[in-house]
Number of protein chains: 2
Amino acid sequence: MTEASPSTPDQRLIAAAEAQFRRFGYKRTTIDDITAGAGTGKGSLYLHFPSKQAVYLAVVEASLERFVEAASRLVDGPDPVPTRLRSLVELTIRHYGEDELLSASLFGRSGLVEGEVARVAADVQRERIRSLLRELLVIGQREGSVRANIDVDAAAAVLFELGWAVVRSALEGDHPIPLDRALKTLNELVGLGLLPRNG
Amino acid sequence: MTEASPSTPDQRLIAAAEAQFRRFGYKRTTIDDITAGAGTGKGSLYLHFPSKQAVYLAVVEASLERFVEAASRLVDGPDPVPTRLRSLVELTIRHYGEDELLSASLFGRSGLVEGEVARVAADVQRERIRSLLRELLVIGQREGSVRANIDVDAAAAVLFELGWAVVRSALEGDHPIPLDRALKTLNELVGLGLLPRNG
DNA sequence: TGACTGACTAATATCATAATCTGGTCACTA
DNA sequence: TAGTGACCAGATTATGATATTAGTCAGTCA
């Protein structure tokens, strides 16, 4: 495992950490595992990160950034905002369904991460996604597909909770209602609520 | 504690169990505590309930029934359905804020109950409240204040998740957005989505 | 006879403590 | 001066001995 990859030490540390965290979870991954995987000495890790938790957060943020990048393309897309909103929820379901590291902290249950660390990682994601939604609403207001008098911050928070619930219920197999029905209804309820009064 | 209350044994058992569960939580309450409090022998409890968990569930269901009764008065009230919906969320916040036994299993965190038992108790509540919402939507459709073509089951599920998130965030003091703003926005988004197209 | 009891048991939880592991440090190296 | 790894304190786990308790059932009355 002591290969000398061309990348910088902190990139190799993150890559090694990500591999370990994905396979074994937060608790069962040791600093020694990470540094061995990155081909550095143990002390070097602490030149780049203040703590194990910071390494984990960096890994989560890198993963999250890949999702946000795809989501941003959607947010800037040509469809009407309510349609984009639905696509965003669908993208999230797909992405989080495939990325256990991200879903672990946001939904619990997977055993990859727990407690304080999971909470902090979840907050980072929540905040990022909420701001994505807010951005989408503001765009909608500018182009007239979202009511102008809506409180975008509150609406982003409400939409986040709503989407989060739908995504979680889709991912946890906890289906009281099939996903497509839930999505359709979500769209009808929220879509109309977003539209200008006489669109 | 061996007082002979006039009520039937199972009523006294539930009353004694409720007092213990509220004070000490599920784990720290013993069957001996309950039966001593109810003034019966230990074996008698098992004539009325198959297990400790069943006793706990009976207590939760009794508590829940008191809430549902108050909620039902609201559901059958004179206001337009979206208004009743908001009142229902507010009532839930108030009630669950005051009833730690109910909120314990639904939101965790309180330490009164954990694990499997909490999950089962939460399911009972979820189901009950969801059906309350469904009832409310059907009434709304009948009196014309809710769109006829809405999928009431899916809408009830979605509304439950949403209301649940709002209530939890209100109770946990985890306010990214102040409650009244969240409620107002929730009302605008969902209220409009519920209304008939040209109401 | 059948509602009721409480001594009993198997299983689980609690506790003390010994052994192990690991996040983080720092004197040292190249 | 970036990098290292032996080292340490505190946390975690393993062990085993003790205590608790959910649930049972043979027996007691009314």
# chains A, B, ... in the order shown; residues from 1 in each chain; ligands from 1
>>> select_by_dssp(residues="segment 135-168 of chain A", states="helix (DSSP H, G or I)", output="list in words")
Glu135, Leu136, Leu137, Val138, Ile139, Gly140, Gln141, Arg142, Val152, Asp153, Ala154, Ala155, Ala156, Ala157, Val158, Leu159, Phe160, Glu161, Leu162, Gly163, Trp164, Ala165, Val166, Val167 and Arg168 of chain A
>>> write_last_selection(atoms="N, CA and C atoms", output="short mmCIF file (atom, residue, chain, number, x, y, z; two decimals), in the first residue's frame")
data_model
loop_
_atom_site.label_atom_id
_atom_site.label_comp_id
_atom_site.auth_asym_id
_atom_site.auth_seq_id
_atom_site.Cartn_x
_atom_site.Cartn_y
_atom_site.Cartn_z
N GLU A 135 -31.35 28.88 -3.87
CA GLU A 135 -30.89 29.40 -5.15
C GLU A 135 -31.92 29.14 -6.24
N LEU A 136 -32.42 27.91 -6.26
CA LEU A 136 -33.42 27.52 -7.25
C LEU A 136 -34.68 28.37 -7.14
N LEU A 137 -35.10 28.64 -5.92
CA LEU A 137 -36.30 29.45 -5.72
C LEU A 137 -36.08 30.88 -6.19
N VAL A 138 -34.92 31.42 -5.88
CA VAL A 138 -34.63 32.79 -6.31
C VAL A 138 -34.63 32.89 -7.83
N ILE A 139 -34.00 31.90 -8.48
CA ILE A 139 -34.02 31.86 -9.94
C ILE A 139 -35.47 31.84 -10.44
N GLY A 140 -36.27 30.98 -9.81
CA GLY A 140 -37.67 30.87 -10.20
C GLY A 140 -38.40 32.20 -10.07
N GLN A 141 -38.12 32.90 -8.98
CA GLN A 141 -38.76 34.21 -8.80
C GLN A 141 -38.34 35.17 -9.89
N ARG A 142 -37.04 35.14 -10.22
CA ARG A 142 -36.54 36.06 -11.24
C ARG A 142 -37.21 35.79 -12.59
N VAL A 152 -38.25 32.96 0.63
CA VAL A 152 -37.40 31.92 0.04
C VAL A 152 -36.63 31.11 1.09
N ASP A 153 -36.19 31.76 2.17
CA ASP A 153 -35.45 31.01 3.18
C ASP A 153 -36.34 29.96 3.84
N ALA A 154 -37.52 30.42 4.26
CA ALA A 154 -38.44 29.48 4.89
C ALA A 154 -38.88 28.41 3.91
N ALA A 155 -39.14 28.81 2.68
CA ALA A 155 -39.58 27.84 1.69
C ALA A 155 -38.49 26.81 1.42
N ALA A 156 -37.24 27.28 1.36
CA ALA A 156 -36.13 26.35 1.15
C ALA A 156 -36.06 25.36 2.30
N ALA A 157 -36.25 25.86 3.52
CA ALA A 157 -36.20 24.98 4.69
C ALA A 157 -37.34 23.95 4.63
N VAL A 158 -38.54 24.44 4.33
CA VAL A 158 -39.69 23.54 4.26
C VAL A 158 -39.50 22.51 3.15
N LEU A 159 -39.06 22.99 1.99
CA LEU A 159 -38.86 22.08 0.86
C LEU A 159 -37.77 21.06 1.18
N PHE A 160 -36.75 21.52 1.88
CA PHE A 160 -35.69 20.57 2.24
C PHE A 160 -36.25 19.45 3.11
N GLU A 161 -36.99 19.84 4.13
CA GLU A 161 -37.56 18.83 5.03
C GLU A 161 -38.46 17.86 4.26
N LEU A 162 -39.24 18.44 3.37
CA LEU A 162 -40.17 17.64 2.60
C LEU A 162 -39.43 16.67 1.69
N GLY A 163 -38.47 17.21 0.94
CA GLY A 163 -37.70 16.37 0.04
C GLY A 163 -36.91 15.33 0.81
N TRP A 164 -36.36 15.75 1.92
CA TRP A 164 -35.57 14.86 2.76
C TRP A 164 -36.42 13.67 3.20
N ALA A 165 -37.66 13.98 3.61
CA ALA A 165 -38.55 12.91 4.06
C ALA A 165 -38.83 11.94 2.92
N VAL A 166 -39.09 12.49 1.73
CA VAL A 166 -39.39 11.63 0.60
C VAL A 166 -38.17 10.78 0.23
N VAL A 167 -37.02 11.43 0.20
CA VAL A 167 -35.79 10.71 -0.14
C VAL A 167 -35.53 9.61 0.88
N ARG A 168 -35.62 9.96 2.14
CA ARG A 168 -35.35 8.98 3.17
C ARG A 168 -36.31 7.80 3.06
#
>>> residues_around(residues="Glu114 of chain A", least_positions_apart="5", cutoff="10 Å", atoms="only C-alpha atoms (C1' of nucleotides)", output="ChimeraX atom specification")
/A:25-27,104-105,108-109,119
>>> interface_residues(of="chain A", to="chain D", cutoff="10 Å", atoms="only C-alpha atoms (C1' of nucleotides)", output="list in words")
Thr40, Gly41, Lys42, Gly43, Ser44, Leu45 and Leu47 of chain A
>>> closest_atom_pairs(of="chain C", to="chain B", cutoff="9 Å", atoms="only C-alpha atoms (C1' of nucleotides)", output="JSON lines")
{"residue": "C:DA3", "atom": "C1'", "partner": "B:Ser44", "partner_atom": "CA", "distance": 8.6}
{"residue": "C:DC4", "atom": "C1'", "partner": "B:Ser44", "partner_atom": "CA", "distance": 6.3}
{"residue": "C:DT5", "atom": "C1'", "partner": "B:Gly41", "partner_atom": "CA", "distance": 5.6}
{"residue": "C:DG6", "atom": "C1'", "partner": "B:Gly41", "partner_atom": "CA", "distance": 7.1}
>>> closest_residue(among="A:Thr92, A:Gln53, A:Thr8, A:Thr185", to="chain B", atoms="only C-alpha atoms")
A:Thr185
>>> atom_distance(atom1="atom CA of Val75 of chain B", atom2="atom CA of Ser87 of chain B")
9.1 Å
>>> closest_residue(among="A:Asp123, A:Glu172, A:Glu61, A:Asp33", to="chain B", atoms="only C-alpha atoms")
A:Asp123
>>> atom_distance(atom1="atom CA of Val146 of chain B", atom2="atom CA of Ser72 of chain B")
18.1 Å
>>> residues_around(residues="Ala54 of chain A", least_positions_apart="4", cutoff="12 Å", atoms="only C-alpha atoms (C1' of nucleotides)", output="NGL selection string")
:A and (13-14 or 17 or 26 or 31 or 45-46 or 48-50 or 58-61 or 117-118 or 120-121)
>>> write_last_selection(atoms="C-alpha atoms", output="JSON list (two decimals), in the first residue's frame")
[["chain", "number", "residue", "atom", "x", "y", "z"],
["A", 13, "LEU", "CA", -4.67, 11.16, 2.47],
["A", 14, "ILE", "CA", -8.22, 12.03, 1.48],
["A", 17, "ALA", "CA", -9.31, 7.90, 3.99],
["A", 26, "TYR", "CA", -15.66, 5.91, 10.75],
["A", 31, "ILE", "CA", -5.31, 6.91, 11.52],
["A", 45, "LEU", "CA", -1.68, 13.56, 8.61],
["A", 46, "TYR", "CA", -1.68, 16.08, 11.43],
["A", 48, "HIS", "CA", -2.80, 18.65, 6.98],
["A", 49, "PHE", "CA", -5.76, 17.96, 9.25],
["A", 50, "PRO", "CA", -6.33, 18.86, 12.90],
["A", 58, "ALA", "CA", -13.11, 16.62, 4.21],
["A", 59, "VAL", "CA", -14.03, 13.29, 2.64],
["A", 60, "VAL", "CA", -17.75, 13.99, 3.04],
["A", 61, "GLU", "CA", -17.37, 17.46, 1.62],
["A", 117, "VAL", "CA", -19.40, 13.04, 13.82],
["A", 118, "ALA", "CA", -22.50, 12.00, 11.90],
["A", 120, "VAL", "CA", -21.70, 17.47, 12.01],
["A", 121, "ALA", "CA", -21.44, 15.77, 8.62]]
>>> decode(residues="segment 67-108 of chain B", atoms="N, CA and C atoms", output="tab-separated table (two decimals), in the first residue's frame")
chain	number	residue	atom	x	y	z
B	67	PHE	N	-54.82	12.62	22.75
B	67	PHE	CA	-54.44	13.61	21.75
B	67	PHE	C	-55.36	13.56	20.54
B	68	VAL	N	-55.63	12.35	20.08
B	68	VAL	CA	-56.44	12.19	18.88
B	68	VAL	C	-57.84	12.74	19.10
B	69	GLU	N	-58.31	12.60	20.32
B	69	GLU	CA	-59.64	13.12	20.64
B	69	GLU	C	-59.68	14.64	20.45
B	70	ALA	N	-58.68	15.32	21.02
B	70	ALA	CA	-58.60	16.77	20.84
B	70	ALA	C	-58.43	17.12	19.37
B	71	ALA	N	-57.60	16.35	18.68
B	71	ALA	CA	-57.35	16.63	17.26
B	71	ALA	C	-58.62	16.41	16.44
B	72	SER	N	-59.39	15.41	16.83
B	72	SER	CA	-60.61	15.14	16.07
B	72	SER	C	-61.60	16.29	16.14
B	73	ARG	N	-61.67	16.91	17.31
B	73	ARG	CA	-62.55	18.07	17.43
B	73	ARG	C	-62.13	19.13	16.42
B	74	LEU	N	-60.80	19.28	16.25
B	74	LEU	CA	-60.28	20.24	15.31
B	74	LEU	C	-60.61	19.83	13.88
B	75	VAL	N	-60.40	18.56	13.60
B	75	VAL	CA	-60.62	18.05	12.25
B	75	VAL	C	-62.07	18.26	11.83
B	76	ASP	N	-62.99	18.12	12.77
B	76	ASP	CA	-64.40	18.30	12.46
B	76	ASP	C	-64.87	19.74	12.58
B	77	GLY	N	-63.94	20.65	12.81
B	77	GLY	CA	-64.29	22.04	13.07
B	77	GLY	C	-64.81	22.77	11.85
B	78	PRO	N	-65.14	24.07	12.02
B	78	PRO	CA	-65.80	24.83	10.97
B	78	PRO	C	-64.84	25.51	10.00
B	79	ASP	N	-63.57	25.65	10.34
B	79	ASP	CA	-62.64	26.42	9.50
B	79	ASP	C	-62.39	25.71	8.17
B	80	PRO	N	-61.87	26.46	7.17
B	80	PRO	CA	-61.45	25.80	5.92
B	80	PRO	C	-60.33	24.81	6.21
B	81	VAL	N	-60.28	23.77	5.42
B	81	VAL	CA	-59.34	22.68	5.70
B	81	VAL	C	-57.88	23.12	5.83
B	82	PRO	N	-57.38	23.99	4.95
B	82	PRO	CA	-55.99	24.40	5.14
B	82	PRO	C	-55.75	25.07	6.50
B	83	THR	N	-56.71	25.84	6.96
B	83	THR	CA	-56.60	26.45	8.28
B	83	THR	C	-56.58	25.38	9.36
B	84	ARG	N	-57.47	24.39	9.23
B	84	ARG	CA	-57.51	23.31	10.20
B	84	ARG	C	-56.19	22.54	10.20
B	85	LEU	N	-55.61	22.43	9.01
B	85	LEU	CA	-54.34	21.75	8.90
B	85	LEU	C	-53.28	22.46	9.74
B	86	ARG	N	-53.27	23.77	9.62
B	86	ARG	CA	-52.29	24.53	10.40
B	86	ARG	C	-52.56	24.39	11.89
B	87	SER	N	-53.83	24.48	12.26
B	87	SER	CA	-54.18	24.32	13.67
B	87	SER	C	-53.75	22.96	14.18
B	88	LEU	N	-53.88	21.96	13.32
B	88	LEU	CA	-53.51	20.61	13.72
B	88	LEU	C	-52.02	20.53	14.02
B	89	VAL	N	-51.22	21.15	13.18
B	89	VAL	CA	-49.77	21.16	13.42
B	89	VAL	C	-49.49	21.88	14.75
B	90	GLU	N	-50.16	23.01	14.96
B	90	GLU	CA	-49.93	23.76	16.19
B	90	GLU	C	-50.36	22.96	17.42
B	91	LEU	N	-51.51	22.32	17.31
B	91	LEU	CA	-51.98	21.48	18.42
B	91	LEU	C	-50.96	20.38	18.72
B	92	THR	N	-50.45	19.78	17.65
B	92	THR	CA	-49.49	18.70	17.83
B	92	THR	C	-48.24	19.19	18.55
B	93	ILE	N	-47.76	20.35	18.12
B	93	ILE	CA	-46.58	20.92	18.78
B	93	ILE	C	-46.86	21.11	20.27
B	94	ARG	N	-48.02	21.69	20.58
B	94	ARG	CA	-48.36	21.94	21.97
B	94	ARG	C	-48.45	20.62	22.74
B	95	HIS	N	-49.22	19.70	22.17
B	95	HIS	CA	-49.46	18.44	22.89
B	95	HIS	C	-48.17	17.65	23.08
B	96	TYR	N	-47.45	17.48	22.01
B	96	TYR	CA	-46.22	16.68	22.10
B	96	TYR	C	-45.16	17.40	22.94
B	97	GLY	N	-45.23	18.72	22.96
B	97	GLY	CA	-44.31	19.46	23.82
B	97	GLY	C	-44.56	19.17	25.28
B	98	GLU	N	-45.82	18.85	25.60
B	98	GLU	CA	-46.17	18.62	27.01
B	98	GLU	C	-46.19	17.15	27.38
B	99	ASP	N	-46.22	16.28	26.39
B	99	ASP	CA	-46.32	14.86	26.69
B	99	ASP	C	-45.04	14.13	26.30
B	100	GLU	N	-44.16	14.03	27.28
B	100	GLU	CA	-42.84	13.47	26.99
B	100	GLU	C	-42.94	11.99	26.61
B	101	LEU	N	-43.94	11.32	27.15
B	101	LEU	CA	-44.08	9.89	26.84
B	101	LEU	C	-44.35	9.68	25.36
B	102	LEU	N	-45.21	10.53	24.79
B	102	LEU	CA	-45.49	10.42	23.36
B	102	LEU	C	-44.29	10.85	22.53
B	103	SER	N	-43.75	12.00	22.88
B	103	SER	CA	-42.66	12.52	22.03
B	103	SER	C	-41.41	11.65	22.14
B	104	ALA	N	-41.26	10.96	23.27
B	104	ALA	CA	-40.05	10.17	23.47
B	104	ALA	C	-39.83	9.17	22.35
B	105	SER	N	-40.87	8.38	22.05
B	105	SER	CA	-40.66	7.35	21.03
B	105	SER	C	-40.67	7.95	19.63
B	106	LEU	N	-41.40	9.05	19.45
B	106	LEU	CA	-41.50	9.63	18.11
B	106	LEU	C	-40.24	10.40	17.72
B	107	PHE	N	-39.58	11.00	18.71
B	107	PHE	CA	-38.44	11.84	18.38
B	107	PHE	C	-37.13	11.34	18.99
B	108	GLY	N	-37.19	10.30	19.81
B	108	GLY	CA	-35.96	9.85	20.47
B	108	GLY	C	-35.49	10.88	21.47
